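Trainee: There's a structure below that I have some questions on.
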Amino acid sequence: MKNQTGENGLPSPRHRIDAHVHIMTHRRVRGGIKWVRPVAPDYHNLSLDVTTEELLAHLEEEGIEAFFNFFYPLKPGESEDVNRWHRDFADSCPKAVPFASLHAGDENKGSVISQSLDRQGFAGFKFHPYIQGFSVLDDRLARVFDELQDRQCPVVIHTGFAEFYQQPSMVEDTRELLRRYPRLHLVVSHMLYPDMPLEDWPALLDEYPDLYLDTTNTLVYCQPGSRDSGHMQQLIASYSSRLVFGTDFPIGTLYPTGKIHRIAALLCPDQNSLDDLMWRTACRIIGKDLFADSSE
């Protein structure tokens, strides 16, 4: 496969999918930017009054051709309203691949699932246990994961950075979730970093063929010259078809997000792994070739 080179002299992927974006209501975006600024000073350069149009313009500037969008309820009873807003937004933005969500405390979880997947056409589900305030092993979610596993529906779950959230590590809960639902199409956001060593992932990826890793925020801490750069490069070299790229925009680590694109290019050993990370794996997760009509 012939290598592509970008303007900065680094390898360039043939397409770009950001598999971790949060375009939400203005109130939630504003709150998210304020929340992340103490640990991500770059985001002082993004206005709290940023509009949805301006957020989309930034993704366009960075060459993003499609993005997984996440918006989740913070308390029981909000799920239908959140998902309705999200569906309306995605209908107005062809590049958005929307993921629904629900809360463990919802009384109508079954109907939220059927409405989201059968009628509203969401690509999958996203959960953030730390922010939403429940465990992935919560008994109230057992039937949810059973159904999502049976449907082979992509499920994205936030993990990692337990110290930042001042919460217990999710390492053992994630391992147990995999044992209980071994066929679940699970995407582990942030790769349990830094709570689980990167070198523990190959055994799990080999054991669970439907497991994928979302490198969002993790790449930033594993860039060349860092303590974990070698482990990340080995993981990409061997398992690029199971890894996706994301930025957490607009509540991530680095801004402009092109900084993270550059780190990804530096860490990937070849064109094939870069293309896997930047778009092919994302297409595989949702079971859809988003670039079928384009020439590579």
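By convention here, the chains of the structure tokens are called A, B, ... in the order presented, each chain's residues are numbered starting at 1, and ligands are numbered starting at 1 in the order presented.
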Would you please extract all alpha helix (DSSP H) residues from range 21-71 of chain A, as assigned by DSSP on the backbone, and give them as a PyMOL selection string?
Mentor: chain A and resi 26-36+52-61
Trainee: Find the spatial neighbours of range 156-169 of chain A, counting only C-alpha atoms, within a cut-off of 9 Å - ignore same-chain residues fewer than 2 positions away - and output them as a list in words.
Mentor: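 Skipping anything fewer than 2 positions along the chain leaves Phe99, Gly124, Phe125, Lys126, Phe127, His128, Pro129, Tyr130, Ile131, Val136, Pro154, Val171, Glu172, Asp173, Thr174, His185, Leu186, Val187, Val188, Ser189, His190, Met191, Leu192, Tyr193, Pro194, Asp195, Met196 and Asp214 of chain A.
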Trainee: Tell me, in Å to one decimal, how far CA of Leu267 in chain A is from CA of Gln233 in chain A.
Mentor: 5.6 Å
Trainee: Could you pull out the strand (DSSP E or B) residues of range 83-189 of chain A, going by DSSP on the backbone, and write them as JSON, numbers by chain?
Mentor: {"A": [96, 97, 98, 99, 100, 124, 125, 126, 127, 155, 156, 157, 158, 186, 187, 188, 189]}
Trainee: Under the rule that only C-alpha atoms are counted, which of A:Gly133, A:Leu48, A:Ala40, A:Lys95 is the nearest residue to Arg27 in chain A?
Mentor: A:Leu48
Trainee: Using only C-alpha atoms for the distances, tell me which of A:Leu10, A:Ile285, A:Leu141, A:Ala100 is nearest to Arg119 in chain A.
Mentor: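 Once distances to Arg119 in chain A are computed over only C-alpha atoms, the minimum belongs to A:Ala100.
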Trainee: Compile the contact shell of Phe249 in chain A as a PyMOL selection string: residues with an atom at most 9 Å away, counting only C-alpha atoms, same-chain residues fewer than 5 positions apart removed.
Mentor: chain A and resi 20-23+55+59+254-255+257
Trainee: Calculated over only C-alpha atoms, which of the candidates A:Pro256, A:Pro209, A:Pro76, A:Gly287 has the smallest distance to Pro182 in chain A?
Mentor: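 For Pro182 in chain A, the nearest of the candidates is A:Pro209.
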Trainee: For a quick check of understanding, using only C-alpha atoms, which of A:Glu65, A:Met170, A:Ala142, A:Arg262 has the smallest distance to Gln223 in chain A?
Mentor: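 Checking each candidate against Gln223 in chain A, we get A:Arg262 as the closest.
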Trainee: Please report the interatomic distance between CA of Leu235 in chain A and CA of His261 in chain A in Å with one decimal.
Mentor: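 Taking CA of Leu235 in chain A as the start and CA of His261 in chain A as the end point, the length is 17.5 Å.
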Trainee: Can you list, as a PyMOL selection string, every protein, DNA or RNA residue that comes within 10 Å of range 79-90 of chain A when you count only C-alpha atoms, leaving out same-chain residues fewer than 4 positions away?
Mentor: chain A and resi 23-25+52+69-75+94-103+106+108-109+111-112+115-116+120-122
Trainee: Write a file of the selected residues as a compact mmCIF listing (two decimals), in the first residue's frame, keeping C-alpha atoms.
Mentor:
```txt
# COMPACT_ATOMS: atom_id res chain seq x y z
CA ILE A 23 -21.77 17.89 20.36
CA MET A 24 -24.66 18.44 22.74
CA THR A 25 -27.01 21.17 23.87
CA THR A 52 -22.75 24.17 17.27
CA ASN A 69 -21.29 11.70 18.51
CA PHE A 70 -22.06 11.03 22.16
CA PHE A 71 -24.70 12.69 24.36
CA TYR A 72 -25.98 10.94 27.49
CA PRO A 73 -28.52 11.66 30.25
CA LEU A 74 -27.27 12.72 33.67
CA LYS A 75 -30.27 11.44 35.63
CA PRO A 94 -24.85 14.10 7.70
CA LYS A 95 -21.32 13.62 9.09
CA ALA A 96 -22.62 12.73 12.56
CA VAL A 97 -22.93 9.06 13.53
CA PRO A 98 -25.12 9.33 16.65
CA PHE A 99 -24.98 6.95 19.61
CA ALA A 100 -27.99 6.81 21.92
CA SER A 101 -27.83 6.48 25.67
CA LEU A 102 -29.96 5.68 28.68
CA HIS A 103 -29.68 5.79 32.46
CA ASP A 106 -34.77 4.73 33.76
CA ASN A 108 -38.47 2.29 30.50
CA LYS A 109 -35.04 1.03 29.42
CA SER A 111 -38.58 0.92 25.18
CA VAL A 112 -35.65 3.37 25.02
CA GLN A 115 -37.07 3.31 20.03
CA SER A 116 -33.40 4.26 19.62
CA GLN A 120 -34.59 6.43 15.42
CA GLY A 121 -31.70 4.62 13.74
CA PHE A 122 -28.93 5.24 16.27
```
Trainee: I need the residue nearest Lys288 in chain A from this list: A:His58, A:Gln234, A:Ala123, A:Ala104. Use only C-alpha atoms for the distance.
Mentor: A:Ala123
Trainee: Between A:Asp118, A:Ala57, A:Arg140, A:Gly225, single out the one closest to Cys153 in chain A, counting only C-alpha atoms.
Mentor: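 Among A:Asp118, A:Ala57, A:Arg140, A:Gly225, it is A:Asp118 that comes nearest to Cys153 in chain A.
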